[in-house]
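Asker: Next comes the structure file coords_5.cif, holding mmCIF, C-alpha atoms.
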data_entry
loop_
_atom_site.label_atom_id
_atom_site.label_comp_id
_atom_site.auth_asym_id
_atom_site.auth_seq_id
_atom_site.Cartn_x
_atom_site.Cartn_y
_atom_site.Cartn_z
CA MET A 1 167.40 -41.59 57.11
CA GLN A 2 168.99 -39.33 54.50
CA ASP A 3 172.17 -37.45 55.17
CA MET A 4 171.58 -33.85 54.21
CA ASN A 5 175.29 -33.08 54.16
CA LEU A 6 177.38 -33.08 51.07
CA GLN A 7 181.01 -32.14 51.07
CA VAL A 8 182.81 -30.95 48.00
CA GLU A 9 186.55 -30.52 48.21
CA LEU A 10 188.58 -29.00 45.42
CA LEU A 11 192.13 -30.21 44.87
CA GLU A 12 194.41 -29.35 42.02
CA LYS A 13 196.59 -32.12 40.70
CA ASN A 14 198.72 -31.66 37.58
CA SER A 15 196.56 -28.74 36.45
CA VAL A 16 193.42 -30.87 36.71
CA GLN A 17 190.71 -29.42 38.94
CA CYS A 18 189.62 -32.40 40.96
CA PHE A 19 186.37 -32.21 42.89
CA LYS A 20 186.15 -34.83 45.60
CA VAL A 21 182.50 -35.29 46.51
CA VAL A 22 181.50 -36.99 49.77
CA GLY A 23 177.90 -37.83 50.65
CA GLU A 24 174.66 -38.49 48.80
CA ILE A 25 173.71 -36.39 45.82
CA ASP A 26 169.95 -35.92 45.74
CA ALA A 27 167.43 -33.13 45.26
CA TYR A 28 168.43 -31.58 48.59
CA THR A 29 172.20 -31.67 48.20
CA ALA A 30 172.58 -31.31 44.42
CA PRO A 31 172.37 -27.48 44.58
CA VAL A 32 175.52 -27.50 46.74
CA LEU A 33 177.46 -29.37 44.08
CA LYS A 34 175.97 -27.29 41.30
CA GLU A 35 177.08 -24.08 42.95
CA ARG A 36 180.63 -25.33 43.46
CA LEU A 37 180.91 -26.49 39.87
CA ALA A 38 179.35 -23.33 38.44
CA ALA A 39 182.29 -21.37 39.81
CA VAL A 40 184.71 -23.03 37.37
CA GLU A 41 182.64 -24.29 34.45
CA LYS A 42 183.12 -21.12 32.38
CA VAL A 43 186.91 -21.41 32.48
CA GLU A 44 188.26 -21.81 28.96
CA GLY A 45 189.80 -25.25 28.32
CA LEU A 46 189.16 -26.51 31.86
CA HIS A 47 190.34 -29.98 32.79
CA ALA A 48 188.13 -31.24 35.56
CA GLU A 49 187.62 -34.49 37.41
CA LEU A 50 184.64 -35.41 39.56
CA ASP A 51 185.71 -38.02 42.06
CA LEU A 52 182.56 -39.84 43.20
CA SER A 53 184.26 -42.70 45.03
CA GLU A 54 182.71 -41.49 48.31
CA VAL A 55 179.24 -41.13 46.81
CA ASP A 56 176.98 -44.11 47.47
CA TYR A 57 173.84 -42.67 46.05
CA MET A 58 172.93 -40.17 43.41
CA ASP A 59 169.46 -39.51 42.03
CA SER A 60 168.43 -37.96 38.74
CA THR A 61 168.85 -34.42 40.08
CA GLY A 62 172.50 -35.21 40.80
CA LEU A 63 172.86 -36.72 37.37
CA GLY A 64 171.41 -33.51 35.91
CA VAL A 65 174.12 -31.50 37.67
CA CYS A 66 176.86 -33.76 36.26
CA VAL A 67 175.48 -33.51 32.74
CA GLY A 68 175.02 -29.76 33.02
CA PHE A 69 178.66 -29.45 34.10
CA TYR A 70 179.81 -31.72 31.29
CA LYS A 71 177.91 -29.64 28.72
CA ALA A 72 179.15 -26.31 30.02
CA VAL A 73 182.78 -27.45 30.19
CA SER A 74 182.67 -29.11 26.74
CA ASN A 75 181.19 -25.96 25.24
CA ASN A 76 184.18 -24.05 26.56
CA GLY A 77 186.66 -26.46 25.04
CA GLY A 78 187.37 -28.33 28.26
CA HIS A 79 187.24 -31.92 29.41
CA VAL A 80 185.41 -33.67 32.25
CA LYS A 81 186.25 -37.04 33.70
CA ILE A 82 184.06 -38.77 36.27
CA THR A 83 185.81 -41.30 38.46
CA GLY A 84 185.20 -43.72 41.31
CA LEU A 85 181.72 -44.85 40.30
CA ASN A 86 180.24 -47.71 42.28
CA ARG A 87 178.06 -50.29 40.59
CA ARG A 88 174.77 -48.47 41.19
CA LEU A 89 176.13 -45.21 39.88
CA SER A 90 177.76 -46.77 36.85
CA ARG A 91 174.43 -48.41 36.00
CA LEU A 92 172.88 -44.94 36.10
CA PHE A 93 175.45 -43.68 33.60
CA GLU A 94 174.93 -46.72 31.39
CA ILE A 95 171.14 -46.52 31.33
CA THR A 96 171.21 -42.84 30.49
CA GLY A 97 173.70 -43.43 27.69
CA LEU A 98 176.03 -40.90 29.28
CA ASN A 99 178.89 -43.40 29.51
CA GLU A 100 179.22 -43.09 25.74
CA ILE A 101 179.88 -39.36 25.78
CA ILE A 102 181.45 -38.70 29.18
CA ASP A 103 184.85 -40.04 30.18
CA ILE A 104 184.05 -42.45 33.02
CA GLU A 105 186.12 -44.59 35.34
CA LEU A 106 184.77 -47.18 37.76
CA LYS A 107 185.91 -47.66 41.33
CA GLU A 108 188.98 -49.89 41.32
CA SER A 109 187.32 -52.53 43.47
CA GLU A 110 184.29 -52.60 41.15
CA ASP A 111 186.60 -53.03 38.18
CA ASP A 112 188.18 -56.10 39.72
CA ASN A 113 184.79 -57.63 40.39
CA ALA A 114 183.75 -57.04 36.82
CA THR A 115 186.67 -59.03 35.43
CA LEU A 116 186.21 -61.99 37.75
CA MET B 1 142.42 0.51 70.39
CA PRO B 2 146.04 0.98 71.65
CA GLN B 3 144.61 3.01 74.56
CA GLU B 4 142.50 0.10 75.58
CA VAL B 5 145.41 -2.28 75.29
CA THR B 6 147.55 0.13 77.26
CA LYS B 7 144.93 0.26 79.97
CA GLN B 8 144.66 -3.49 80.23
CA TYR B 9 148.43 -3.88 80.15
CA LYS B 10 148.71 -1.40 83.00
CA GLU B 11 146.22 -3.34 85.12
CA ILE B 12 147.93 -6.66 84.51
CA MET B 13 151.36 -5.26 85.21
CA SER B 14 150.21 -3.48 88.33
CA LYS B 15 148.80 -6.72 89.70
CA TYR B 16 152.02 -8.53 88.99
CA LEU B 17 154.17 -5.83 90.57
CA GLU B 18 152.11 -6.17 93.73
CA SER B 19 151.90 -9.94 93.92
CA GLN B 20 154.81 -11.20 91.80
CA SER B 21 152.80 -14.39 91.61
CA GLU B 22 153.01 -17.08 88.94
CA GLU B 23 149.33 -16.65 88.10
CA ASP B 24 149.65 -12.96 87.32
CA LEU B 25 152.73 -13.64 85.25
CA TYR B 26 150.74 -16.24 83.32
CA VAL B 27 147.96 -13.69 82.67
CA GLY B 28 150.67 -11.45 81.21
CA GLN B 29 151.92 -14.23 78.95
CA GLN B 30 148.42 -14.81 77.66
CA PHE B 31 147.98 -11.11 77.12
CA SER B 32 151.10 -10.91 74.92
CA ARG B 33 149.13 -12.85 72.31
CA ARG B 34 146.79 -9.90 71.96
CA PHE B 35 149.79 -7.79 70.98
CA ILE B 36 150.68 -10.26 68.30
CA GLU B 37 147.11 -10.53 67.05
CA LYS B 38 146.84 -6.79 66.83
CA ASP B 39 150.15 -6.55 64.98
CA ILE B 40 151.74 -4.36 67.61
CA ALA B 41 155.46 -4.00 66.92
CA PRO B 42 158.01 -4.82 69.65
CA GLU B 43 159.08 -1.18 69.98
CA ASP B 44 155.43 -0.20 70.55
CA VAL B 45 155.11 -2.81 73.28
CA ILE B 46 157.94 -1.11 75.10
CA SER B 47 156.27 2.30 74.62
CA ILE B 48 153.12 0.86 76.14
CA HIS B 49 155.17 -0.54 79.00
CA LYS B 50 156.80 2.81 79.53
CA SER B 51 153.53 4.78 79.70
CA ALA B 52 151.94 2.18 81.95
CA LEU B 53 154.89 2.31 84.30
CA PHE B 54 154.83 6.07 84.29
CA GLU B 55 151.17 6.10 85.30
CA LEU B 56 151.82 3.60 88.09
CA HIS B 57 155.15 4.92 89.39
CA PRO B 58 155.75 8.42 88.08
CA ASN B 59 158.60 9.02 90.50
CA LEU B 60 161.10 6.48 89.28
CA ARG B 61 164.60 7.69 88.54
CA LYS B 62 165.30 9.43 85.24
CA GLN B 63 167.72 6.68 84.19
CA VAL B 64 164.81 4.21 84.08
CA TRP B 65 162.92 6.32 81.55
CA ASP B 66 166.04 6.99 79.52
CA SER B 67 166.92 3.31 79.45
CA LEU B 68 163.42 2.50 78.20
CA ASP B 69 163.83 5.01 75.38
CA PHE B 70 167.11 3.34 74.57
CA LEU B 71 165.42 -0.07 74.53
CA ILE B 72 162.74 1.25 72.15
CA GLU B 73 165.50 2.19 69.70
CA MET B 74 167.02 -1.24 70.12
CA MET B 75 163.77 -2.95 69.22
CA ILE B 76 162.99 -1.02 66.05
CA HIS B 77 164.92 -3.43 63.83
CA TYR B 78 163.23 -6.42 65.39
CA GLY B 79 159.96 -4.79 64.41
CA LEU B 80 161.13 -4.30 60.83
CA THR B 81 162.34 -7.89 60.57
CA MET B 82 159.03 -9.13 61.90
CA ARG B 83 157.10 -7.13 59.32
CA GLU B 84 159.40 -8.42 56.58
CA HIS B 85 158.72 -11.94 57.76
CA GLN B 86 154.98 -11.34 57.63
CA SER B 87 155.23 -10.01 54.12
CA LEU B 88 157.23 -13.11 53.11
CA VAL B 89 154.53 -15.34 54.55
CA ARG B 90 151.93 -13.49 52.49
CA LYS B 91 154.09 -13.79 49.36
CA GLN B 92 154.52 -17.48 49.99
CA GLU B 93 150.77 -17.87 50.21
CA ALA B 94 150.45 -16.10 46.86
CA ILE B 95 153.06 -18.41 45.29
CA GLN B 96 151.23 -21.41 46.69
CA MET B 97 148.06 -20.18 44.99
CA GLU B 98 149.94 -19.85 41.70
CA MET B 99 151.35 -23.35 42.15
CA ASN B 100 147.82 -24.67 42.58
CA VAL B 101 146.82 -22.98 39.34
CA ALA B 102 149.93 -24.34 37.59
CA THR B 103 149.12 -27.86 38.76
CA LYS B 104 145.63 -27.51 37.33
CA VAL B 105 147.03 -26.16 34.07
CA GLN B 106 149.44 -29.09 33.98
CA ASP B 107 146.57 -31.52 34.45
CA THR B 108 144.39 -30.02 31.73
CA LEU B 109 147.10 -29.14 29.25
CA LEU B 110 148.83 -32.46 29.43
CA LYS B 111 145.75 -34.62 29.39
CA THR B 112 146.18 -37.74 27.31
CA VAL B 113 143.70 -40.28 26.01
CA GLU B 114 144.24 -43.91 26.82
CA PRO B 115 144.55 -45.96 23.63
CA ASP B 116 141.86 -48.36 22.62
CA ALA B 117 143.67 -50.80 20.36
CA GLU B 118 142.24 -54.17 19.59
CA GLY B 119 143.54 -56.94 21.79
CA LEU B 120 145.49 -54.56 24.02
CA ASP B 121 144.76 -53.93 27.68
CA VAL B 122 146.35 -50.74 29.03
CA GLY B 123 146.82 -49.80 32.68
CA TRP B 124 148.74 -46.93 34.22
CA ILE B 125 149.33 -44.86 37.29
CA SER B 126 151.39 -41.71 37.80
CA GLN B 127 151.76 -40.20 41.27
CA PRO B 128 153.81 -37.09 42.02
CA ALA B 129 155.96 -37.11 45.16
CA HIS B 130 155.35 -33.38 45.58
CA GLN B 131 152.83 -31.04 44.11
CA MET B 132 153.98 -31.04 40.51
CA ASN B 133 154.71 -34.23 38.65
CA GLY B 134 158.09 -34.56 36.91
CA ASP B 135 156.96 -37.77 35.23
CA TYR B 136 154.89 -37.63 32.12
CA ILE B 137 152.88 -40.14 30.11
CA TYR B 138 151.59 -39.48 26.66
CA PHE B 139 149.54 -41.90 24.57
CA LEU B 140 149.37 -41.70 20.81
CA ASN B 141 146.58 -43.46 18.96
CA GLN B 142 146.92 -44.37 15.33
CA GLU B 143 145.24 -46.86 13.11
CA ASN B 144 146.20 -50.35 14.31
CA ALA B 145 148.84 -48.94 16.62
CA SER B 146 148.93 -47.65 20.18
CA SER B 147 151.98 -45.88 21.43
CA VAL B 148 153.09 -44.51 24.73
CA ALA B 149 155.86 -42.19 25.81
CA VAL B 150 156.94 -42.47 29.44
CA ALA B 151 159.17 -39.57 30.39
CA ASP B 152 160.96 -38.34 33.46
CA VAL B 153 162.01 -34.72 33.41
CA ILE B 154 165.19 -34.14 35.40
CA GLY B 155 164.67 -30.82 37.10
CA LYS B 156 161.34 -30.36 38.77
CA GLY B 157 158.56 -27.90 39.26
CA ILE B 158 157.30 -25.35 36.81
CA PRO B 159 160.22 -25.57 34.32
CA ALA B 160 159.61 -29.33 34.16
CA ALA B 161 155.94 -28.76 33.41
CA LEU B 162 156.82 -26.39 30.60
CA CYS B 163 159.21 -28.99 29.27
CA MET B 164 156.42 -31.54 29.21
CA SER B 165 154.15 -29.32 27.17
CA MET B 166 156.99 -29.15 24.68
CA ILE B 167 157.07 -32.94 24.51
CA LYS B 168 153.33 -33.08 24.14
CA PHE B 169 153.13 -30.62 21.29
CA GLY B 170 156.11 -32.26 19.62
CA MET B 171 154.30 -35.58 19.80
CA ASP B 172 150.97 -34.16 18.66
CA GLY B 173 152.74 -33.05 15.51
CA LEU B 174 153.69 -36.66 14.81
CA GLN B 175 150.19 -37.95 14.12
CA ASN B 176 150.78 -38.44 10.43
CA GLU B 177 154.51 -38.84 10.41
CA ASN B 178 156.72 -41.82 10.78
CA SER B 179 156.01 -42.79 14.37
CA SER B 180 158.55 -45.56 14.72
CA PRO B 181 160.12 -45.30 18.19
CA ASP B 182 163.67 -44.45 17.06
CA ASN B 183 162.35 -41.71 14.80
CA VAL B 184 160.08 -40.23 17.48
CA LEU B 185 162.93 -39.99 19.98
CA GLY B 186 165.19 -38.44 17.35
CA ILE B 187 162.60 -35.75 16.61
CA ILE B 188 161.83 -35.00 20.26
CA ASN B 189 165.56 -34.88 21.03
CA ARG B 190 166.10 -32.17 18.46
CA ILE B 191 163.19 -30.13 19.88
CA VAL B 192 164.43 -30.51 23.46
CA GLU B 193 168.08 -29.93 22.64
CA LYS B 194 167.27 -26.60 21.02
CA SER B 195 165.02 -25.23 23.69
CA VAL B 196 166.04 -26.47 27.11
CA ASP B 197 168.62 -25.06 29.48
CA ASP B 198 171.84 -26.87 30.29
CA SER B 199 170.89 -28.69 33.45
CA MET B 200 167.49 -29.93 32.34
CA PHE B 201 167.17 -33.30 30.64
CA ILE B 202 164.54 -35.83 29.87
CA SER B 203 164.69 -39.58 29.91
CA MET B 204 162.04 -41.18 27.77
CA PHE B 205 160.93 -44.66 26.86
CA TYR B 206 158.81 -44.93 23.76
CA GLY B 207 156.84 -48.08 23.01
CA LYS B 208 154.52 -48.84 20.11
CA TYR B 209 152.18 -51.78 19.91
CA ASN B 210 151.06 -52.93 16.49
CA SER B 211 147.74 -54.71 16.90
CA ILE B 212 147.95 -56.52 13.55
CA THR B 213 151.31 -58.16 14.14
CA SER B 214 151.11 -58.11 18.00
CA THR B 215 154.56 -56.59 17.94
CA PHE B 216 155.81 -54.21 20.56
CA SER B 217 158.62 -52.03 19.25
CA TYR B 218 160.53 -49.68 21.48
CA ALA B 219 163.40 -47.26 21.88
CA SER B 220 164.86 -45.58 24.92
CA ALA B 221 166.43 -42.20 25.55
CA GLY B 222 168.43 -42.90 28.67
CA HIS B 223 165.39 -44.36 30.41
CA GLU B 224 164.96 -47.31 32.78
CA PRO B 225 164.60 -50.53 30.77
CA ALA B 226 161.05 -51.85 30.46
CA LEU B 227 160.17 -55.39 31.58
CA HIS B 228 158.58 -57.97 29.35
CA PHE B 229 156.70 -60.74 31.12
CA SER B 230 156.29 -63.87 29.03
CA SER B 231 153.26 -65.89 30.06
CA GLY B 232 154.73 -68.96 28.36
CA THR B 233 157.92 -69.10 30.43
CA SER B 234 156.68 -67.01 33.40
CA ALA B 235 159.92 -65.07 33.15
CA PHE B 236 160.86 -61.41 32.81
CA THR B 237 163.20 -60.00 30.18
CA GLU B 238 164.62 -56.48 30.32
CA LEU B 239 163.79 -54.43 27.25
CA ASP B 240 166.78 -52.22 26.96
CA ALA B 241 167.80 -50.10 24.02
CA ARG B 242 170.81 -47.90 23.54
CA GLY B 243 170.18 -44.17 23.48
CA LEU B 244 171.22 -40.98 25.20
CA LEU B 245 169.04 -38.75 27.42
CA LEU B 246 167.06 -36.19 25.44
CA GLY B 247 168.53 -32.74 25.28
CA VAL B 248 172.21 -33.59 25.74
CA LYS B 249 173.43 -33.91 22.16
CA LYS B 250 171.78 -32.84 18.93
CA GLU B 251 172.74 -35.78 16.73
CA ALA B 252 171.97 -38.60 19.18
CA ILE B 253 171.02 -41.94 17.63
CA TYR B 254 168.37 -44.21 19.14
CA ASP B 255 168.34 -47.97 18.64
CA GLU B 256 165.02 -49.65 18.08
CA HIS B 257 164.12 -53.22 19.01
CA SER B 258 160.93 -55.21 19.02
CA VAL B 259 159.34 -58.20 20.68
CA VAL B 260 156.22 -60.17 19.78
CA LEU B 261 153.61 -60.33 22.56
CA GLU B 262 151.78 -63.60 23.11
CA GLU B 263 148.44 -63.78 24.86
CA GLY B 264 148.84 -62.90 28.55
CA ASP B 265 152.24 -61.28 27.96
CA PHE B 266 152.72 -57.81 29.28
CA VAL B 267 155.26 -54.99 29.10
CA VAL B 268 155.91 -52.77 32.11
CA MET B 269 157.32 -49.29 31.56
CA MET B 270 158.44 -47.38 34.65
CA THR B 271 160.30 -44.34 35.86
CA ASP B 272 163.12 -44.38 38.40
CA GLY B 273 160.63 -43.50 41.15
CA VAL B 274 159.66 -47.18 40.87
CA THR B 275 163.02 -48.84 40.36
CA GLU B 276 164.94 -46.63 42.78
CA SER B 277 162.42 -46.85 45.62
CA ARG B 278 164.12 -46.72 48.99
CA THR B 279 163.03 -47.83 52.41
CA GLU B 280 164.76 -47.48 55.76
CA ASN B 281 166.47 -50.77 55.00
CA GLY B 282 167.88 -49.78 51.64
CA PHE B 283 166.78 -50.04 48.05
CA ILE B 284 163.84 -52.14 46.96
CA GLU B 285 165.37 -54.74 44.68
CA MET B 286 164.23 -55.30 41.12
CA SER B 287 163.45 -58.90 42.05
CA ALA B 288 160.90 -57.64 44.59
CA ILE B 289 159.20 -55.56 41.92
CA LYS B 290 159.16 -58.55 39.57
CA SER B 291 157.51 -60.76 42.15
CA LEU B 292 154.83 -58.14 42.79
CA LEU B 293 154.14 -58.06 39.06
CA ALA B 294 154.12 -61.83 38.78
CA GLU B 295 151.66 -62.19 41.67
CA LYS B 296 149.04 -60.30 39.65
CA LYS B 297 149.96 -61.62 36.20
CA ASP B 298 146.43 -62.89 35.52
CA GLU B 299 144.72 -59.64 36.46
CA SER B 300 143.99 -56.66 34.22
CA ALA B 301 146.79 -54.24 33.34
CA GLN B 302 145.25 -51.59 35.62
CA GLU B 303 145.01 -53.97 38.56
CA ILE B 304 148.67 -54.94 38.18
CA ALA B 305 149.73 -51.28 38.07
CA ASP B 306 147.58 -50.34 41.08
CA TYR B 307 148.88 -53.31 43.07
CA VAL B 308 152.55 -52.49 42.47
CA TYR B 309 151.90 -48.89 43.42
CA SER B 310 150.07 -49.69 46.62
CA GLU B 311 152.65 -52.26 47.74
CA LEU B 312 155.69 -50.10 46.98
CA SER B 313 154.15 -47.05 48.57
CA ARG B 314 153.30 -49.10 51.67
CA MET B 315 156.94 -50.27 51.89
CA GLN B 316 158.00 -46.61 51.84
CA ASP B 317 155.55 -45.68 54.60
CA TYR B 318 153.34 -43.89 52.07
CA GLN B 319 155.94 -41.22 51.50
CA LEU B 320 157.19 -41.29 47.95
CA SER B 321 160.68 -39.89 47.55
CA ASP B 322 160.32 -39.49 43.81
CA ASP B 323 157.50 -39.28 41.27
CA PHE B 324 156.13 -42.73 40.57
CA THR B 325 154.89 -43.86 37.15
CA ILE B 326 154.02 -47.25 35.71
CA VAL B 327 152.41 -48.05 32.36
CA ILE B 328 151.43 -51.59 31.45
CA PHE B 329 150.59 -52.88 27.96
CA LYS B 330 149.08 -56.34 28.20
CA LYS B 331 147.99 -58.54 25.34
CA LYS B 332 144.49 -59.76 26.08
CA THR B 333 143.71 -63.44 26.24
CA VAL B 334 140.85 -64.35 23.96
#
Go ahead and render the structure in this file as structure tokens.

Answerer:
Amino acid sequence: MQDMNLQVELLEKNSVQCFKVVGEIDAYTAPVLKERLAAVEKVEGLHAELDLSEVDYMDSTGLGVCVGFYKAVSNNGGHVKITGLNRRLSRLFEITGLNEIIDIELKESEDDNATL
Amino acid sequence: MPQEVTKQYKEIMSKYLESQSEEDLYVGQQFSRRFIEKDIAPEDVISIHKSALFELHPNLRKQVWDSLDFLIEMMIHYGLTMREHQSLVRKQEAIQMEMNVATKVQDTLLKTVEPDAEGLDVGWISQPAHQMNGDYIYFLNQENASSVAVADVIGKGIPAALCMSMIKFGMDGLQNENSSPDNVLGIINRIVEKSVDDSMFISMFYGKYNSITSTFSYASAGHEPALHFSSGTSAFTELDARGLLLGVKKEAIYDEHSVVLEEGDFVVMMTDGVTESRTENGFIEMSAIKSLLAEKKDESAQEIADYVYSELSRMQDYQLSDDFTIVIFKKKTV
């Protein structure tokens, strides 16, 4: 039922470290993401983007990893942007109040729906 | 003991060498279990084989004996790995024992007393998906007021349990202070922010029922909205309040709202183990949860909570994917 695989691809575009995440982020897969992010989070003044457009589902463990990353990067004078959120994920960020402190962008298609 | 095993091994092998039959081979297979039971390492099995063979056929070519010595060397690391594995199994058993103790400590340490406010009927259920519960309920009883904190610790296991004791002792210290929901969350946030590591956070809903004014006031730290069922309109309203997860930012501000409960009204506070329940066919919709609640609207708060739990756990084939917690505050009908 659950896909145990999570792929994290790192691309650099205009000096922004962009992590493209593909799969479901839950208690089983979150450690994979955490490990990948931990490798860069101590970099001074890091500009990072988490692209979650290929993530359909994320549970609270996954959310914990995102927040942990946000905190670590902010403490080192960097910036984190989370992009490509679907409706379910953006609700998660709204409920937790994280949308007020983290730079968030919805999936383009979801944006269109919201303005209809 | 090894001599006896060697003797038996020799007999079994000798029979097989004569007959080469399936039955004798099967006897050998069965016998290999004795080796395992007696903790005989792979390299020792080959030694036993070698001495048995020597007794049966002492005139084999030298290369055969040399090759068996070579094989013994080859097997030594298998033997070491096997012993390492056994020691890991024993360690795991020890950890399991400690986990059992920790679960008991969690149960006793975090015990909470259900409030007994006039006119209020309280029901609740909290079921861990695994051994330790990452959800936490704490009731606070004051004169003319009953409060509850429903929390979900992100990050599980023993660190989560430690985190909960922090919440509990923070809340115990509030007995005589200003226990308005926004203030409580502000205080707990400062405690958590100071003491918790970077990837551990808590979502918490705090509700307080005033039995004189029948008012339910609430605040939320990044938690699932509660549901208010109005018996007058038979409709649900989401009780949402702005506020950040506990432990993310020191100076977080929590909004407080309130609603007056009429007779037969109830408020349902849940964790995401309830609202994010998944079945093979996808997520269980909020509307499904609302209809379960509405079906039992005339029952006691505990019956409503138990019913929602049993139905949702049935839909998930009795395998919870996340800790499951519901608390219901219902205003009694006179």

Asker: Within 12 Å of chain B, which residues of chain A show up when using all atoms listed in the file, listed as an mmCIF file with C-alpha atoms, in the frame of the given file?

Answerer:
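So the final result, stored in part32.cif, reads:
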data_model
loop_
_atom_site.group_PDB
_atom_site.id
_atom_site.type_symbol
_atom_site.label_atom_id
_atom_site.label_comp_id
_atom_site.auth_asym_id
_atom_site.auth_seq_id
_atom_site.Cartn_x
_atom_site.Cartn_y
_atom_site.Cartn_z
ATOM 1 C CA MET A 1 167.400 -41.590 57.110
ATOM 2 C CA GLN A 2 168.990 -39.330 54.500
ATOM 3 C CA ASP A 26 169.950 -35.920 45.740
ATOM 4 C CA ALA A 27 167.430 -33.130 45.260
ATOM 5 C CA TYR A 28 168.430 -31.580 48.590
ATOM 6 C CA ALA A 30 172.580 -31.310 44.420
ATOM 7 C CA PRO A 31 172.370 -27.480 44.580
ATOM 8 C CA LYS A 34 175.970 -27.290 41.300
ATOM 9 C CA ALA A 38 179.350 -23.330 38.440
ATOM 10 C CA GLU A 41 182.640 -24.290 34.450
ATOM 11 C CA ASP A 56 176.980 -44.110 47.470
ATOM 12 C CA TYR A 57 173.840 -42.670 46.050
ATOM 13 C CA MET A 58 172.930 -40.170 43.410
ATOM 14 C CA ASP A 59 169.460 -39.510 42.030
ATOM 15 C CA SER A 60 168.430 -37.960 38.740
ATOM 16 C CA THR A 61 168.850 -34.420 40.080
ATOM 17 C CA GLY A 62 172.500 -35.210 40.800
ATOM 18 C CA LEU A 63 172.860 -36.720 37.370
ATOM 19 C CA GLY A 64 171.410 -33.510 35.910
ATOM 20 C CA VAL A 65 174.120 -31.500 37.670
ATOM 21 C CA CYS A 66 176.860 -33.760 36.260
ATOM 22 C CA VAL A 67 175.480 -33.510 32.740
ATOM 23 C CA GLY A 68 175.020 -29.760 33.020
ATOM 24 C CA PHE A 69 178.660 -29.450 34.100
ATOM 25 C CA TYR A 70 179.810 -31.720 31.290
ATOM 26 C CA LYS A 71 177.910 -29.640 28.720
ATOM 27 C CA ALA A 72 179.150 -26.310 30.020
ATOM 28 C CA VAL A 73 182.780 -27.450 30.190
ATOM 29 C CA SER A 74 182.670 -29.110 26.740
ATOM 30 C CA ASN A 75 181.190 -25.960 25.240
ATOM 31 C CA ARG A 88 174.770 -48.470 41.190
ATOM 32 C CA LEU A 89 176.130 -45.210 39.880
ATOM 33 C CA ARG A 91 174.430 -48.410 36.000
ATOM 34 C CA LEU A 92 172.880 -44.940 36.100
ATOM 35 C CA PHE A 93 175.450 -43.680 33.600
ATOM 36 C CA GLU A 94 174.930 -46.720 31.390
ATOM 37 C CA ILE A 95 171.140 -46.520 31.330
ATOM 38 C CA THR A 96 171.210 -42.840 30.490
ATOM 39 C CA GLY A 97 173.700 -43.430 27.690
ATOM 40 C CA LEU A 98 176.030 -40.900 29.280
ATOM 41 C CA ASN A 99 178.890 -43.400 29.510
ATOM 42 C CA GLU A 100 179.220 -43.090 25.740
ATOM 43 C CA ILE A 101 179.880 -39.360 25.780
ATOM 44 C CA ILE A 102 181.450 -38.700 29.180
#

Asker: Run through the PyMOL selection byres ((chain B and resi 119) around 8) on the given coordinates and return the selected residues as a list of chain:residue names.

Answerer: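 On the file shown, the PyMOL selection byres ((chain B and resi 119) around 8) covers B:Ala117, B:Glu118, B:Leu120, B:Asp121, B:Ser211, B:Lys331, B:Lys332, B:Thr333.
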
Asker: If you measure from CA of Glu114 (chain B) to CA of Asp172 (chain B), what distance in Å do you get, rounded to one decimal?

Answerer: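 If I compute the distance from CA of Glu114 (chain B) to CA of Asp172 (chain B), I get 14.4 Å.
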
Asker: Could you check how far CA of Ser231 (chain B) sits from CA of Gly264 (chain B), in Å to one decimal?

Answerer: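 Atom-to-atom, CA of Ser231 (chain B) to CA of Gly264 (chain B), that is 5.5 Å.
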
Asker: The PyMOL selection byres ((chain A and resi 79) around 8) - which residues does that actually catch in the file I just gave you? List them as a PyMOL selection string.

Answerer: chain A and resi 45-48+70+73-74+77-78+80-81

Asker: List the spatial neighbours of Pro42 (chain B) as a count of residues only - criterion: any atom at most 12 Å away, all atoms listed in the file, same-chain residues fewer than 2 positions off excluded.

Answerer: 25

Asker: Assuming the chain letters and numbering stay as they are in my file, what does the PyMOL selection byres ((chain B and resi 267) around 10) actually select? List them as a JSON list (two decimals) with C-alpha atoms, in the frame of the given file.

Answerer:
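Result saved to selection.json:
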[["chain", "number", "residue", "atom", "x", "y", "z"],
["B", 122, "VAL", "CA", 146.35, -50.74, 29.03],
["B", 207, "GLY", "CA", 156.84, -48.08, 23.01],
["B", 216, "PHE", "CA", 155.81, -54.21, 20.56],
["B", 226, "ALA", "CA", 161.05, -51.85, 30.46],
["B", 227, "LEU", "CA", 160.17, -55.39, 31.58],
["B", 228, "HIS", "CA", 158.58, -57.97, 29.35],
["B", 229, "PHE", "CA", 156.70, -60.74, 31.12],
["B", 230, "SER", "CA", 156.29, -63.87, 29.03],
["B", 236, "PHE", "CA", 160.86, -61.41, 32.81],
["B", 237, "THR", "CA", 163.20, -60.00, 30.18],
["B", 238, "GLU", "CA", 164.62, -56.48, 30.32],
["B", 239, "LEU", "CA", 163.79, -54.43, 27.25],
["B", 259, "VAL", "CA", 159.34, -58.20, 20.68],
["B", 261, "LEU", "CA", 153.61, -60.33, 22.56],
["B", 265, "ASP", "CA", 152.24, -61.28, 27.96],
["B", 266, "PHE", "CA", 152.72, -57.81, 29.28],
["B", 268, "VAL", "CA", 155.91, -52.77, 32.11],
["B", 269, "MET", "CA", 157.32, -49.29, 31.56],
["B", 270, "MET", "CA", 158.44, -47.38, 34.65],
["B", 301, "ALA", "CA", 146.79, -54.24, 33.34],
["B", 327, "VAL", "CA", 152.41, -48.05, 32.36],
["B", 328, "ILE", "CA", 151.43, -51.59, 31.45],
["B", 329, "PHE", "CA", 150.59, -52.88, 27.96],
["B", 330, "LYS", "CA", 149.08, -56.34, 28.20],
["B", 331, "LYS", "CA", 147.99, -58.54, 25.34]]
